[in-house]
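Structure file work_32.pdb (PDB, N, CA and C atoms) follows.
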ATOM      1  N   MET A   1      95.435 135.528 159.450
ATOM      2  CA  MET A   1      94.274 135.344 158.617
ATOM      3  C   MET A   1      94.704 134.518 157.410
ATOM      4  N   THR A   2      93.947 133.487 157.132
ATOM      5  CA  THR A   2      94.278 132.639 155.993
ATOM      6  C   THR A   2      93.202 132.770 154.934
ATOM      7  N   TYR A   3      93.607 132.565 153.710
ATOM      8  CA  TYR A   3      92.690 132.645 152.580
ATOM      9  C   TYR A   3      92.684 131.296 151.868
ATOM     10  N   SER A   4      91.513 130.879 151.490
ATOM     11  CA  SER A   4      91.447 129.630 150.733
ATOM     12  C   SER A   4      91.832 129.912 149.287
ATOM     13  N   SER A   5      91.956 128.875 148.520
ATOM     14  CA  SER A   5      92.371 129.049 147.131
ATOM     15  C   SER A   5      91.312 129.746 146.287
ATOM     16  N   THR A   6      90.076 129.792 146.769
ATOM     17  CA  THR A   6      89.010 130.438 145.987
ATOM     18  C   THR A   6      88.852 131.908 146.331
ATOM     19  N   THR A   7      89.345 132.331 147.480
ATOM     20  CA  THR A   7      89.250 133.739 147.845
ATOM     21  C   THR A   7      90.643 134.343 147.882
ATOM     22  N   ALA A   8      90.737 135.501 147.342
ATOM     23  CA  ALA A   8      92.019 136.209 147.311
ATOM     24  C   ALA A   8      92.004 137.296 148.369
ATOM     25  N   PRO A   9      93.176 137.707 148.816
ATOM     26  CA  PRO A   9      93.202 138.815 149.782
ATOM     27  C   PRO A   9      92.661 140.080 149.133
ATOM     28  N   PRO A  10      92.057 140.943 149.933
ATOM     29  CA  PRO A  10      91.509 142.177 149.352
ATOM     30  C   PRO A  10      92.615 143.040 148.763
ATOM     31  N   GLU A  11      92.337 143.614 147.627
ATOM     32  CA  GLU A  11      93.307 144.487 146.957
ATOM     33  C   GLU A  11      93.336 145.839 147.658
ATOM     34  N   VAL A  12      94.521 146.354 147.871
ATOM     35  CA  VAL A  12      94.670 147.685 148.438
ATOM     36  C   VAL A  12      94.768 148.661 147.277
ATOM     37  N   ALA A  13      93.874 149.640 147.270
ATOM     38  CA  ALA A  13      93.883 150.621 146.192
ATOM     39  C   ALA A  13      95.140 151.464 146.280
ATOM     40  N   LYS A  14      95.745 151.719 145.153
ATOM     41  CA  LYS A  14      96.938 152.558 145.113
ATOM     42  C   LYS A  14      96.537 153.952 144.659
ATOM     43  N   THR A  15      97.339 154.901 145.034
ATOM     44  CA  THR A  15      97.086 156.267 144.627
ATOM     45  C   THR A  15      97.513 156.479 143.182
ATOM     46  N   SER A  16      96.910 157.452 142.535
ATOM     47  CA  SER A  16      97.297 157.774 141.162
ATOM     48  C   SER A  16      98.400 158.835 141.130
ATOM     49  N   TRP A  17      98.845 159.271 142.295
ATOM     50  CA  TRP A  17      99.900 160.278 142.362
ATOM     51  C   TRP A  17     101.238 159.587 142.121
ATOM     52  N   PRO A  18     101.921 159.906 141.026
ATOM     53  CA  PRO A  18     103.169 159.202 140.688
ATOM     54  C   PRO A  18     104.330 159.647 141.579
ATOM     55  N   PHE A  19     104.911 158.712 142.274
ATOM     56  CA  PHE A  19     105.974 159.032 143.225
ATOM     57  C   PHE A  19     107.199 159.617 142.531
ATOM     58  N   ARG A  20     107.641 158.988 141.453
ATOM     59  CA  ARG A  20     108.864 159.454 140.779
ATOM     60  C   ARG A  20     108.704 160.863 140.235
ATOM     61  N   ASN A  21     107.576 161.149 139.611
ATOM     62  CA  ASN A  21     107.360 162.486 139.052
ATOM     63  C   ASN A  21     107.319 163.543 140.147
ATOM     64  N   MET A  22     106.636 163.233 141.239
ATOM     65  CA  MET A  22     106.526 164.213 142.316
ATOM     66  C   MET A  22     107.888 164.431 142.990
ATOM     67  N   ALA A  23     108.624 163.372 143.208
ATOM     68  CA  ALA A  23     109.947 163.506 143.827
ATOM     69  C   ALA A  23     110.900 164.269 142.909
ATOM     70  N   ALA A  24     110.829 164.008 141.617
ATOM     71  CA  ALA A  24     111.686 164.729 140.659
ATOM     72  C   ALA A  24     111.322 166.207 140.613
ATOM     73  N   ALA A  25     110.032 166.512 140.644
ATOM     74  CA  ALA A  25     109.604 167.917 140.637
ATOM     75  C   ALA A  25     110.077 168.634 141.891
ATOM     76  N   LEU A  26     109.977 167.976 143.032
ATOM     77  CA  LEU A  26     110.438 168.578 144.276
ATOM     78  C   LEU A  26     111.951 168.793 144.235
ATOM     79  N   GLY A  27     112.685 167.809 143.750
ATOM     80  CA  GLY A  27     114.139 167.940 143.654
ATOM     81  C   GLY A  27     114.554 169.075 142.725
ATOM     82  N   LEU A  28     113.901 169.168 141.570
ATOM     83  CA  LEU A  28     114.203 170.244 140.627
ATOM     84  C   LEU A  28     113.872 171.603 141.229
ATOM     85  N   SER A  29     112.764 171.673 141.925
ATOM     86  CA  SER A  29     112.361 172.933 142.544
ATOM     87  C   SER A  29     113.361 173.377 143.603
ATOM     88  N   VAL A  30     113.800 172.452 144.432
ATOM     89  CA  VAL A  30     114.794 172.784 145.461
ATOM     90  C   VAL A  30     116.107 173.213 144.805
ATOM     91  N   PHE A  31     116.512 172.514 143.751
ATOM     92  CA  PHE A  31     117.739 172.875 143.040
ATOM     93  C   PHE A  31     117.631 174.288 142.454
ATOM     94  N   LEU A  32     116.499 174.585 141.795
ATOM     95  CA  LEU A  32     116.312 175.923 141.226
ATOM     96  C   LEU A  32     116.351 176.995 142.307
ATOM     97  N   SER A  33     115.670 176.741 143.389
ATOM     98  CA  SER A  33     115.595 177.740 144.453
ATOM     99  C   SER A  33     116.945 177.959 145.131
ATOM    100  N   ALA A  34     117.672 176.893 145.329
ATOM    101  CA  ALA A  34     118.915 177.006 146.094
ATOM    102  C   ALA A  34     120.109 177.447 145.262
ATOM    103  N   PHE A  35     120.177 177.029 143.990
ATOM    104  CA  PHE A  35     121.414 177.224 143.240
ATOM    105  C   PHE A  35     121.289 178.091 141.990
ATOM    106  N   ILE A  36     120.137 178.134 141.373
ATOM    107  CA  ILE A  36     120.028 178.808 140.078
ATOM    108  C   ILE A  36     119.471 180.220 140.203
ATOM    109  N   LEU A  37     118.293 180.343 140.792
ATOM    110  CA  LEU A  37     117.630 181.642 140.845
ATOM    111  C   LEU A  37     118.236 182.512 141.943
ATOM    112  N   PRO A  38     118.454 183.788 141.652
ATOM    113  CA  PRO A  38     119.072 184.657 142.662
ATOM    114  C   PRO A  38     118.096 184.986 143.788
ATOM    115  N   ALA A  39     118.649 185.170 144.955
ATOM    116  CA  ALA A  39     117.829 185.583 146.095
ATOM    117  C   ALA A  39     117.696 187.097 146.072
ATOM    118  N   PRO A  40     116.502 187.606 146.332
ATOM    119  CA  PRO A  40     116.358 189.060 146.424
ATOM    120  C   PRO A  40     117.251 189.598 147.541
ATOM    121  N   THR A  41     117.986 190.650 147.273
ATOM    122  CA  THR A  41     118.919 191.170 148.266
ATOM    123  C   THR A  41     118.166 191.692 149.480
ATOM    124  N   GLY A  42     118.602 191.273 150.635
ATOM    125  CA  GLY A  42     117.976 191.698 151.878
ATOM    126  C   GLY A  42     116.717 190.923 152.232
ATOM    127  N   LEU A  43     116.272 190.045 151.358
ATOM    128  CA  LEU A  43     115.029 189.310 151.598
ATOM    129  C   LEU A  43     115.247 187.799 151.623
ATOM    130  N   GLU A  44     116.453 187.389 151.913
ATOM    131  CA  GLU A  44     116.758 185.963 151.867
ATOM    132  C   GLU A  44     115.916 185.163 152.852
ATOM    133  N   LEU A  45     115.750 185.685 154.065
ATOM    134  CA  LEU A  45     114.975 184.970 155.081
ATOM    135  C   LEU A  45     113.510 184.855 154.666
ATOM    136  N   ILE A  46     112.943 185.948 154.171
ATOM    137  CA  ILE A  46     111.542 185.919 153.734
ATOM    138  C   ILE A  46     111.381 184.974 152.555
ATOM    139  N   ARG A  47     112.321 185.009 151.622
ATOM    140  CA  ARG A  47     112.259 184.103 150.482
ATOM    141  C   ARG A  47     112.311 182.650 150.930
ATOM    142  N   ASP A  48     113.200 182.368 151.863
ATOM    143  CA  ASP A  48     113.313 180.996 152.351
ATOM    144  C   ASP A  48     112.054 180.552 153.080
ATOM    145  N   LEU A  49     111.464 181.424 153.864
ATOM    146  CA  LEU A  49     110.236 181.077 154.573
ATOM    147  C   LEU A  49     109.079 180.834 153.606
ATOM    148  N   LEU A  50     108.977 181.670 152.578
ATOM    149  CA  LEU A  50     107.932 181.457 151.570
ATOM    150  C   LEU A  50     108.141 180.139 150.836
ATOM    151  N   TYR A  51     109.361 179.859 150.506
ATOM    152  CA  TYR A  51     109.636 178.616 149.795
ATOM    153  C   TYR A  51     109.362 177.409 150.680
ATOM    154  N   ILE A  52     109.728 177.498 151.940
ATOM    155  CA  ILE A  52     109.430 176.407 152.875
ATOM    156  C   ILE A  52     107.925 176.206 152.991
ATOM    157  N   ALA A  53     107.153 177.283 152.937
ATOM    158  CA  ALA A  53     105.694 177.161 152.976
ATOM    159  C   ALA A  53     105.180 176.423 151.740
ATOM    160  N   PHE A  54     105.695 176.764 150.556
ATOM    161  CA  PHE A  54     105.310 176.056 149.331
ATOM    162  C   PHE A  54     105.641 174.565 149.439
ATOM    163  N   VAL A  55     106.847 174.264 149.873
ATOM    164  CA  VAL A  55     107.274 172.866 149.993
ATOM    165  C   VAL A  55     106.441 172.147 151.054
ATOM    166  N   GLY A  56     106.140 172.823 152.155
ATOM    167  CA  GLY A  56     105.331 172.218 153.209
ATOM    168  C   GLY A  56     103.935 171.861 152.728
ATOM    169  N   VAL A  57     103.295 172.784 152.019
ATOM    170  CA  VAL A  57     101.962 172.499 151.461
ATOM    171  C   VAL A  57     102.042 171.329 150.494
ATOM    172  N   PHE A  58     103.066 171.328 149.659
ATOM    173  CA  PHE A  58     103.244 170.250 148.696
ATOM    174  C   PHE A  58     103.398 168.896 149.396
ATOM    175  N   LEU A  59     104.259 168.832 150.393
ATOM    176  CA  LEU A  59     104.516 167.566 151.077
ATOM    177  C   LEU A  59     103.303 167.075 151.860
ATOM    178  N   VAL A  60     102.601 167.985 152.519
ATOM    179  CA  VAL A  60     101.399 167.593 153.267
ATOM    180  C   VAL A  60     100.329 167.070 152.315
ATOM    181  N   ARG A  61     100.120 167.772 151.225
ATOM    182  CA  ARG A  61      99.088 167.346 150.271
ATOM    183  C   ARG A  61      99.461 166.014 149.621
ATOM    184  N   TRP A  62     100.713 165.849 149.292
ATOM    185  CA  TRP A  62     101.184 164.594 148.699
ATOM    186  C   TRP A  62     100.978 163.442 149.680
ATOM    187  N   ARG A  63     101.343 163.660 150.926
ATOM    188  CA  ARG A  63     101.182 162.621 151.949
ATOM    189  C   ARG A  63      99.706 162.264 152.152
ATOM    190  N   LEU A  64      98.834 163.266 152.191
ATOM    191  CA  LEU A  64      97.403 162.993 152.331
ATOM    192  C   LEU A  64      96.870 162.184 151.154
ATOM    193  N   ALA A  65      97.306 162.511 149.968
ATOM    194  CA  ALA A  65      96.840 161.786 148.780
ATOM    195  C   ALA A  65      97.268 160.327 148.820
ATOM    196  N   VAL A  66      98.497 160.085 149.251
ATOM    197  CA  VAL A  66      98.987 158.707 149.325
ATOM    198  C   VAL A  66      98.278 157.954 150.448
ATOM    199  N   THR A  67      98.079 158.596 151.584
ATOM    200  CA  THR A  67      97.421 157.951 152.714
ATOM    201  C   THR A  67      95.970 157.611 152.404
ATOM    202  N   ARG A  68      95.296 158.520 151.721
ATOM    203  CA  ARG A  68      93.878 158.308 151.387
ATOM    204  C   ARG A  68      93.671 157.506 150.112
ATOM    205  N   HIS A  69      94.746 157.132 149.455
ATOM    206  CA  HIS A  69      94.689 156.368 148.200
ATOM    207  C   HIS A  69      93.838 157.097 147.152
ATOM    208  N   GLU A  70      94.095 158.387 147.016
ATOM    209  CA  GLU A  70      93.317 159.189 146.069
ATOM    210  C   GLU A  70      93.601 158.757 144.639
ATOM    211  N   ARG A  71      92.562 158.753 143.828
ATOM    212  CA  ARG A  71      92.680 158.346 142.431
ATOM    213  C   ARG A  71      92.387 159.514 141.484
ATOM    214  N   ASN A  72      92.421 160.724 141.977
ATOM    215  CA  ASN A  72      92.097 161.881 141.143
ATOM    216  C   ASN A  72      93.332 162.422 140.431
ATOM    217  N   ARG A  73      93.115 163.393 139.594
ATOM    218  CA  ARG A  73      94.212 163.994 138.820
ATOM    219  C   ARG A  73      94.589 165.380 139.334
ATOM    220  N   VAL A  74      94.312 165.666 140.584
ATOM    221  CA  VAL A  74      94.664 166.962 141.171
ATOM    222  C   VAL A  74      96.172 167.109 141.296
ATOM    223  N   TRP A  75      96.888 166.006 141.220
ATOM    224  CA  TRP A  75      98.332 166.074 141.394
ATOM    225  C   TRP A  75      98.988 166.923 140.322
ATOM    226  N   TYR A  76      98.341 167.080 139.173
ATOM    227  CA  TYR A  76      98.905 167.957 138.131
ATOM    228  C   TYR A  76      99.089 169.381 138.656
ATOM    229  N   PHE A  77      98.094 169.867 139.414
ATOM    230  CA  PHE A  77      98.171 171.215 139.982
ATOM    231  C   PHE A  77      99.352 171.331 140.941
ATOM    232  N   TYR A  78      99.499 170.381 141.847
ATOM    233  CA  TYR A  78     100.589 170.431 142.814
ATOM    234  C   TYR A  78     101.939 170.213 142.150
ATOM    235  N   PHE A  79     101.968 169.405 141.116
ATOM    236  CA  PHE A  79     103.178 169.202 140.335
ATOM    237  C   PHE A  79     103.625 170.530 139.718
ATOM    238  N   ALA A  80     102.696 171.238 139.085
ATOM    239  CA  ALA A  80     103.013 172.536 138.485
ATOM    240  C   ALA A  80     103.363 173.562 139.553
ATOM    241  N   LEU A  81     102.644 173.544 140.672
ATOM    242  CA  LEU A  81     102.890 174.512 141.742
ATOM    243  C   LEU A  81     104.303 174.398 142.294
ATOM    244  N   ILE A  82     104.761 173.183 142.535
ATOM    245  CA  ILE A  82     106.097 173.034 143.113
ATOM    246  C   ILE A  82     107.179 173.373 142.087
ATOM    247  N   LEU A  83     106.897 173.174 140.806
ATOM    248  CA  LEU A  83     107.877 173.538 139.786
ATOM    249  C   LEU A  83     108.004 175.052 139.620
ATOM    250  N   VAL A  84     106.902 175.780 139.718
ATOM    251  CA  VAL A  84     106.960 177.233 139.519
ATOM    252  C   VAL A  84     107.135 177.997 140.828
ATOM    253  N   ALA A  85     107.174 177.318 141.964
ATOM    254  CA  ALA A  85     107.328 178.003 143.252
ATOM    255  C   ALA A  85     108.558 178.910 143.292
ATOM    256  N   PRO A  86     109.737 178.459 142.833
ATOM    257  CA  PRO A  86     110.881 179.378 142.845
ATOM    258  C   PRO A  86     110.660 180.609 141.966
ATOM    259  N   LEU A  87     109.987 180.434 140.841
ATOM    260  CA  LEU A  87     109.714 181.579 139.960
ATOM    261  C   LEU A  87     108.707 182.536 140.584
ATOM    262  N   ILE A  88     107.700 182.002 141.262
ATOM    263  CA  ILE A  88     106.721 182.855 141.937
ATOM    264  C   ILE A  88     107.418 183.717 142.983
ATOM    265  N   ILE A  89     108.311 183.106 143.736
ATOM    266  CA  ILE A  89     109.022 183.848 144.778
ATOM    267  C   ILE A  89     109.955 184.871 144.160
ATOM    268  N   LEU A  90     110.623 184.517 143.061
ATOM    269  CA  LEU A  90     111.503 185.467 142.382
ATOM    270  C   LEU A  90     110.711 186.653 141.830
ATOM    271  N   LEU A  91     109.562 186.382 141.234
ATOM    272  CA  LEU A  91     108.755 187.448 140.654
ATOM    273  C   LEU A  91     108.026 188.289 141.703
ATOM    274  N   SER A  92     107.916 187.782 142.925
ATOM    275  CA  SER A  92     107.255 188.541 143.982
ATOM    276  C   SER A  92     108.220 189.483 144.703
ATOM    277  N   GLU A  93     109.452 189.580 144.224
ATOM    278  CA  GLU A  93     110.456 190.441 144.860
ATOM    279  C   GLU A  93     109.992 191.896 145.000
ATOM    280  N   PRO A  94     109.419 192.524 143.956
ATOM    281  CA  PRO A  94     108.976 193.916 144.139
ATOM    282  C   PRO A  94     107.898 194.054 145.213
ATOM    283  N   ILE A  95     107.026 193.085 145.310
ATOM    284  CA  ILE A  95     105.963 193.145 146.326
ATOM    285  C   ILE A  95     106.580 192.996 147.716
ATOM    286  N   LEU A  96     107.524 192.087 147.852
ATOM    287  CA  LEU A  96     108.165 191.885 149.140
ATOM    288  C   LEU A  96     108.972 193.112 149.566
ATOM    289  N   LYS A  97     109.622 193.762 148.615
ATOM    290  CA  LYS A  97     110.396 194.947 148.963
ATOM    291  C   LYS A  97     109.500 196.115 149.348
ATOM    292  N   ALA A  98     108.289 196.168 148.792
ATOM    293  CA  ALA A  98     107.356 197.247 149.133
ATOM    294  C   ALA A  98     106.827 197.093 150.560
ATOM    295  N   LEU A  99     106.853 195.878 151.069
ATOM    296  CA  LEU A  99     106.387 195.656 152.440
ATOM    297  C   LEU A  99     107.442 196.139 153.389
TER     298      LEU A  99
END

Would you write out, as structure tokens, the structure that this file holds?
Amino acid sequence: MTYSSTTAPPEVAKTSWPFRNMAAALGLSVFLSAFILPAPTGLELIRDLLYIAFVGVFLVRWRLAVTRHERNRVWYFYFALILVAPLIILLSEPILKAL
């Protein structure tokens, strides 16, 4: 397809979800979960599965936003969610032990 000098190629809309911020948040979250925060004793497998679920939701939602070229500010919620995911799992230890 060729374009004349008077017509420009159509612009592809970009997403408003910042790649660097989201990747940094995911990296920090994985680091916190794996190395800093203690695993509840006897619940390591459950903790890992819950964390994988948080990361999975985050990655799927991020991918959908980029694919759909979303321009909304919902990414703030997912950014915060992935950062506090290790803390949520750590604080849910009493609930997990009661099960």

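In this structure, CA of Ser33 (chain A) sits 5.2 Å away from CA of Pro86 (chain A).
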
TODO: Could you list the residues chosen by the PyMOL selection byres (((chain A and resi 19-21 and name CA) around 12) and name CA) in this structure as a PyMOL selection string?
DONE: chain A and resi 14-18+22-28+59+62-63+65-66+75-76+78-80+82-83

Task: Distance in Å - atom N of Val84 (chain A) versus atom N of Thr67 (chain A) - done: 22.7 Å

TODO: Between atom N of Leu99 (chain A) and CA of Arg47 (chain A), measure the distance and give it in Å to one decimal.
DONE: 13.0 Å

TODO: Taking the chain letters and numbering used in this document, name the residues of region 4-74 of chain A that DSSP puts in alpha helix (DSSP H), as number ranges by chain.
DONE: A: 19-31, 44-67

Could those selected residues go to a file with N, CA and C atoms, as a compact mmCIF listing (two decimals), keeping the file's coordinate frame?
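Saved the output as out-v2.txt:
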# COMPACT_ATOMS: atom_id res chain seq x y z
N PHE A 19 104.91 158.71 142.27
CA PHE A 19 105.97 159.03 143.22
C PHE A 19 107.20 159.62 142.53
N ARG A 20 107.64 158.99 141.45
CA ARG A 20 108.86 159.45 140.78
C ARG A 20 108.70 160.86 140.24
N ASN A 21 107.58 161.15 139.61
CA ASN A 21 107.36 162.49 139.05
C ASN A 21 107.32 163.54 140.15
N MET A 22 106.64 163.23 141.24
CA MET A 22 106.53 164.21 142.32
C MET A 22 107.89 164.43 142.99
N ALA A 23 108.62 163.37 143.21
CA ALA A 23 109.95 163.51 143.83
C ALA A 23 110.90 164.27 142.91
N ALA A 24 110.83 164.01 141.62
CA ALA A 24 111.69 164.73 140.66
C ALA A 24 111.32 166.21 140.61
N ALA A 25 110.03 166.51 140.64
CA ALA A 25 109.60 167.92 140.64
C ALA A 25 110.08 168.63 141.89
N LEU A 26 109.98 167.98 143.03
CA LEU A 26 110.44 168.58 144.28
C LEU A 26 111.95 168.79 144.24
N GLY A 27 112.68 167.81 143.75
CA GLY A 27 114.14 167.94 143.65
C GLY A 27 114.55 169.08 142.72
N LEU A 28 113.90 169.17 141.57
CA LEU A 28 114.20 170.24 140.63
C LEU A 28 113.87 171.60 141.23
N SER A 29 112.76 171.67 141.93
CA SER A 29 112.36 172.93 142.54
C SER A 29 113.36 173.38 143.60
N VAL A 30 113.80 172.45 144.43
CA VAL A 30 114.79 172.78 145.46
C VAL A 30 116.11 173.21 144.80
N PHE A 31 116.51 172.51 143.75
CA PHE A 31 117.74 172.88 143.04
C PHE A 31 117.63 174.29 142.45
N GLU A 44 116.45 187.39 151.91
CA GLU A 44 116.76 185.96 151.87
C GLU A 44 115.92 185.16 152.85
N LEU A 45 115.75 185.68 154.06
CA LEU A 45 114.98 184.97 155.08
C LEU A 45 113.51 184.86 154.67
N ILE A 46 112.94 185.95 154.17
CA ILE A 46 111.54 185.92 153.73
C ILE A 46 111.38 184.97 152.56
N ARG A 47 112.32 185.01 151.62
CA ARG A 47 112.26 184.10 150.48
C ARG A 47 112.31 182.65 150.93
N ASP A 48 113.20 182.37 151.86
CA ASP A 48 113.31 181.00 152.35
C ASP A 48 112.05 180.55 153.08
N LEU A 49 111.46 181.42 153.86
CA LEU A 49 110.24 181.08 154.57
C LEU A 49 109.08 180.83 153.61
N LEU A 50 108.98 181.67 152.58
CA LEU A 50 107.93 181.46 151.57
C LEU A 50 108.14 180.14 150.84
N TYR A 51 109.36 179.86 150.51
CA TYR A 51 109.64 178.62 149.79
C TYR A 51 109.36 177.41 150.68
N ILE A 52 109.73 177.50 151.94
CA ILE A 52 109.43 176.41 152.88
C ILE A 52 107.92 176.21 152.99
N ALA A 53 107.15 177.28 152.94
CA ALA A 53 105.69 177.16 152.98
C ALA A 53 105.18 176.42 151.74
N PHE A 54 105.70 176.76 150.56
CA PHE A 54 105.31 176.06 149.33
C PHE A 54 105.64 174.56 149.44
N VAL A 55 106.85 174.26 149.87
CA VAL A 55 107.27 172.87 149.99
C VAL A 55 106.44 172.15 151.05
N GLY A 56 106.14 172.82 152.16
CA GLY A 56 105.33 172.22 153.21
C GLY A 56 103.94 171.86 152.73
N VAL A 57 103.30 172.78 152.02
CA VAL A 57 101.96 172.50 151.46
C VAL A 57 102.04 171.33 150.49
N PHE A 58 103.07 171.33 149.66
CA PHE A 58 103.24 170.25 148.70
C PHE A 58 103.40 168.90 149.40
N LEU A 59 104.26 168.83 150.39
CA LEU A 59 104.52 167.57 151.08
C LEU A 59 103.30 167.08 151.86
N VAL A 60 102.60 167.98 152.52
CA VAL A 60 101.40 167.59 153.27
C VAL A 60 100.33 167.07 152.32
N ARG A 61 100.12 167.77 151.22
CA ARG A 61 99.09 167.35 150.27
C ARG A 61 99.46 166.01 149.62
N TRP A 62 100.71 165.85 149.29
CA TRP A 62 101.18 164.59 148.70
C TRP A 62 100.98 163.44 149.68
N ARG A 63 101.34 163.66 150.93
CA ARG A 63 101.18 162.62 151.95
C ARG A 63 99.71 162.26 152.15
N LEU A 64 98.83 163.27 152.19
CA LEU A 64 97.40 162.99 152.33
C LEU A 64 96.87 162.18 151.15
N ALA A 65 97.31 162.51 149.97
CA ALA A 65 96.84 161.79 148.78
C ALA A 65 97.27 160.33 148.82
N VAL A 66 98.50 160.08 149.25
CA VAL A 66 98.99 158.71 149.32
C VAL A 66 98.28 157.95 150.45
N THR A 67 98.08 158.60 151.58
CA THR A 67 97.42 157.95 152.71
C THR A 67 95.97 157.61 152.40

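Nearest to Pro38 (chain A) of all the residues A:Leu91, A:Val60, A:Glu70, A:Leu96 is A:Leu91, based on only C-alpha atoms.
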
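Distance check against Phe54 (chain A) using only C-alpha atoms: of A:Leu81, A:Leu32, A:Val74, A:Leu37, the minimum falls on A:Leu81.
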